[in-house]
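S.K.: I have a structure here, written as structure tokens, and I will follow up with some questions on it.
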Amino acid sequence: MKRLNGNVTIITGGGKGIGYGLAEAFAEEGSNLVITGRTEARLIKAKHELEDRYGIEVLPIVADGADEKAIKSVVSQTIEKFGKINTLVNNAQVSKSGLSLVDHTREDFDLAIYSGLYATFFYMKECFPYLEKTHGSVINFASGAGLFGKLGQASYAAAKEGIRGLSRVAASEWGPYEVRVNVVCPLAMTESLQQWKAEYPELYEKTIHGIPLGHFADPKDDIGRVCVFLASEDAHFVTGETITLQGGSGLRP
């Protein structure tokens with residue numbers, strides 16, 4: 001029996017990178033999907049691949065996470081097609097990485113806050129009535145950039161730590177309704193990271209030496225499987241947690 005058979009999962013940024021790996025992991029366990037992003041062609045390609053490979057249904061929706069009306073539409077379209085929501089995964093984020101704090105403009109900071117923190121807030125608020133009905137869960141993505149103060153990540157780290165604070169409050173407020181909220185901080189190999197590896201091989205090797213397990217995570221098998229666990233009944237007593245999936249590089253007390 002697949003652990004999420006017949007469930008409905010919304011994954012933001014589900015057409016590429018970590019989001020696509022998450023989509024694969026949830027689809028493999030039988031969950032139907034709603035994947036959002038900004039590029040229609042990429043979403044449609046992902047839909048066909050996921051449906052052909054896993055035999056589930058995928059609803060692709062072009063949506064900007066900073067647009068509250070667009071998010072309302074995503075949720076209404078989800079309910080119109082599937083009638084329920086079991087899991088919300090807030091994965092998408094845009095930011096000016098590599099830019100020092102003093103070099104940030106207001107627009108740069110807004111980009112991270114609106115695409116990350118506001119998008120997470122909007123999706124959580126709109127999905128809650130449906131998550132309450134299914135005793136569902138929220139999985140929000142934060143980052144070691146915020147946990148460990150990574151250089152050149154000021155706006156990104158601020159957005160991600162805001163998401164962690166929001167998640168902890170929601171876990172407290174929504175616990176009585178049996179809606180769980182958890183946070184994942186990944187360090188995964190993506191298309192962008194592959195490009196960075198090719199451009200900066202020495203820096204890549206230095207980074208790998210700082211990871212006790214010696215490699216970056218696979219989006220599907222390492223990140224996706226943990227998120228499947230968090231969405232499943234196996235994690236029915238897990239809420240308000242931050243899980244660091246960084247191969248040991250994020251060791252904390």
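By order of appearance in the structure tokens: chains A, B, ..., then residues from 1 within every chain, and ligands from 1 in the order shown.
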If you run DSSP on the backbone, which residues of stretch 59-135 of chain A are strand (DSSP E or B), as a ChimeraX atom specification?

M.R.: /A:59-62,87-90,99

S.K.: Could you name the residues that touch A:Leu50 at 10 Å or less, counting only C-alpha atoms, but leaving out those on the same chain fewer than 4 positions away, as a list in words?

M.R.: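 Here the qualifying residues turn out to be Tyr20, Ala23, Glu24, Ala27, Glu28, Asn32, Leu33, Ile44, Lys45, Ala46, Tyr54, Gly55, Ile56, Glu57 and Val58 of chain A.
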
S.K.: Which is closest to A:Ala142 among A:Leu245, A:Val238, A:Leu88, A:Val102, if we use only C-alpha atoms?

M.R.: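 Using only C-alpha atoms, A:Ala142 sits closest to A:Leu245.
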
S.K.: Identify, on the basis of only C-alpha atoms, every residue whose closest approach to stretch 149-155 of chain A does not exceed 9 Å; exclude the query and any residue fewer than 4 positions from it along the same chain; express the result as a list in words.

M.R.: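 Contacts, with the query itself left out: Ser95, Lys96, Ser97, Gly98, Leu99, Ser100, Leu101, His104, Asp108, Phe109, Asp110, Leu111, Ala112, Ile113, Gly144, Ala145, Ala159 and Lys160 of chain A.
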
S.K.: Looking at only C-alpha atoms, which of A:Lys206, A:Arg180, A:Arg53, A:Lys16 is the one that sits closest to A:Gly37?

M.R.: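 Using only C-alpha atoms, the shortest distance to A:Gly37 belongs to A:Lys16.
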
S.K.: From stretch 70-186 of chain A, collect each residue whose DSSP state is alpha helix (DSSP H) and return the set as a ChimeraX atom specification.

M.R.: /A:70-82,106-112,119-134,144-148,154-174

S.K.: Go ahead and compute the interatomic distance for atom CA of A:Leu22 and atom CA of A:Ala70, in Å to one decimal.

M.R.: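 Taking atom CA of A:Leu22 as the start and atom CA of A:Ala70 as the end point, the length is 22.1 Å.
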
S.K.: Figure out the distance between atom CA of A:Met189 and atom CA of A:Asp64, please, to one decimal in Å.

M.R.: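 Going from atom CA of A:Asp64 over to atom CA of A:Met189 covers 24.2 Å.
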
S.K.: By how many Å are atom CA of A:Ser137 and atom CA of A:Gly15 apart?

M.R.: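 Straight-line distance from atom CA of A:Ser137 to atom CA of A:Gly15 works out to 21.1 Å.
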
S.K.: Let me make sure I understand: among A:Met124, A:Ser115, A:Val8, A:Glu107, which one has the smallest atom-to-atom distance to A:Lys72 if we use only C-alpha atoms?

M.R.: A:Met124

S.K.: Could you pull the residues within 10 Å of A:Glu126, counting only C-alpha atoms, minus those fewer than 4 positions along the same chain, as a PyMOL selection string?

M.R.: chain A and resi 68+71-76+121-122+130-131

S.K.: Quick one: residues within 9 Å of A:Gln246, only C-alpha atoms, excluding same-chain residues fewer than 3 positions away - as a list in words?

M.R.: Gly144, Cys185, Pro186, Leu187, Ala188, Ile211, Leu213, Phe216, Ala217, Ser249, Gly250 and Leu251 of chain A

S.K.: Got time to write the residues from that selection, N, CA and C atoms, as an mmCIF file, in the first residue's frame?

M.R.:
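Output file result.cif is given in full below:
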```
data_model
loop_
_atom_site.group_PDB
_atom_site.id
_atom_site.type_symbol
_atom_site.label_atom_id
_atom_site.label_comp_id
_atom_site.auth_asym_id
_atom_site.auth_seq_id
_atom_site.Cartn_x
_atom_site.Cartn_y
_atom_site.Cartn_z
ATOM 1 N N GLY A 144 20.041 26.585 5.540
ATOM 2 C CA GLY A 144 21.220 26.799 6.368
ATOM 3 C C GLY A 144 21.742 28.216 6.263
ATOM 4 N N CYS A 185 15.389 22.082 5.959
ATOM 5 C CA CYS A 185 16.503 22.893 5.445
ATOM 6 C C CYS A 185 17.406 21.982 4.622
ATOM 7 N N PRO A 186 17.293 22.014 3.289
ATOM 8 C CA PRO A 186 18.031 21.058 2.456
ATOM 9 C C PRO A 186 19.360 21.601 1.931
ATOM 10 N N LEU A 187 20.205 20.668 1.530
ATOM 11 C CA LEU A 187 21.420 20.990 0.785
ATOM 12 C C LEU A 187 21.488 19.961 -0.346
ATOM 13 N N ALA A 188 20.867 20.292 -1.482
ATOM 14 C CA ALA A 188 20.632 19.294 -2.524
ATOM 15 C C ALA A 188 21.299 19.655 -3.841
ATOM 16 N N ILE A 211 31.183 18.617 4.136
ATOM 17 C CA ILE A 211 29.986 17.790 4.333
ATOM 18 C C ILE A 211 30.429 16.402 4.780
ATOM 19 N N LEU A 213 29.082 13.546 5.068
ATOM 20 C CA LEU A 213 28.670 12.439 4.213
ATOM 21 C C LEU A 213 29.278 12.518 2.815
ATOM 22 N N PHE A 216 26.198 16.138 -1.899
ATOM 23 C CA PHE A 216 24.935 16.844 -1.758
ATOM 24 C C PHE A 216 23.778 15.843 -1.817
ATOM 25 N N ALA A 217 22.643 16.243 -1.300
ATOM 26 C CA ALA A 217 21.477 15.361 -1.289
ATOM 27 C C ALA A 217 20.864 15.226 -2.672
ATOM 28 N N SER A 249 26.687 18.709 7.622
ATOM 29 C CA SER A 249 27.332 20.030 7.632
ATOM 30 C C SER A 249 26.567 21.014 8.499
ATOM 31 N N GLY A 250 25.349 20.671 8.852
ATOM 32 C CA GLY A 250 24.538 21.554 9.685
ATOM 33 C C GLY A 250 24.392 21.043 11.103
ATOM 34 N N LEU A 251 25.451 20.453 11.651
ATOM 35 C CA LEU A 251 25.374 19.881 13.001
ATOM 36 C C LEU A 251 24.957 20.951 14.004
#
```

S.K.: Between A:Thr9, A:Ser167, A:Gln194, A:Thr207, single out the one closest to A:Ile79, counting only C-alpha atoms.

M.R.: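 Of all the options, A:Thr9 lies closest to A:Ile79.
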
S.K.: Using only C-alpha atoms, can you tell me which of A:Glu29, A:Arg38, A:Gly13, A:Phe141 comes closest to A:Ala231?

M.R.: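 Of A:Glu29, A:Arg38, A:Gly13, A:Phe141, the one nearest A:Ala231, counting only C-alpha atoms, is A:Glu29.
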
S.K.: Identify, on the basis of only C-alpha atoms, every residue whose closest approach to A:Glu173 does not exceed 12 Å; exclude the query and any residue fewer than 5 positions from it along the same chain; express the result as number ranges by chain.

M.R.: A: 128, 132, 166-168, 178-181, 239-240

S.K.: Residues at most 9 Å from A:Arg3, counting only C-alpha atoms, excluding those fewer than 3 positions away in the same chain, as a PyMOL selection string?

M.R.: chain A and resi 29-31+228-229+232-233

S.K.: For A:Asn91, which residue out of A:Ala198, A:Ile243, A:Ala157, A:Val184 is the nearest one, using only C-alpha atoms?

M.R.: A:Val184
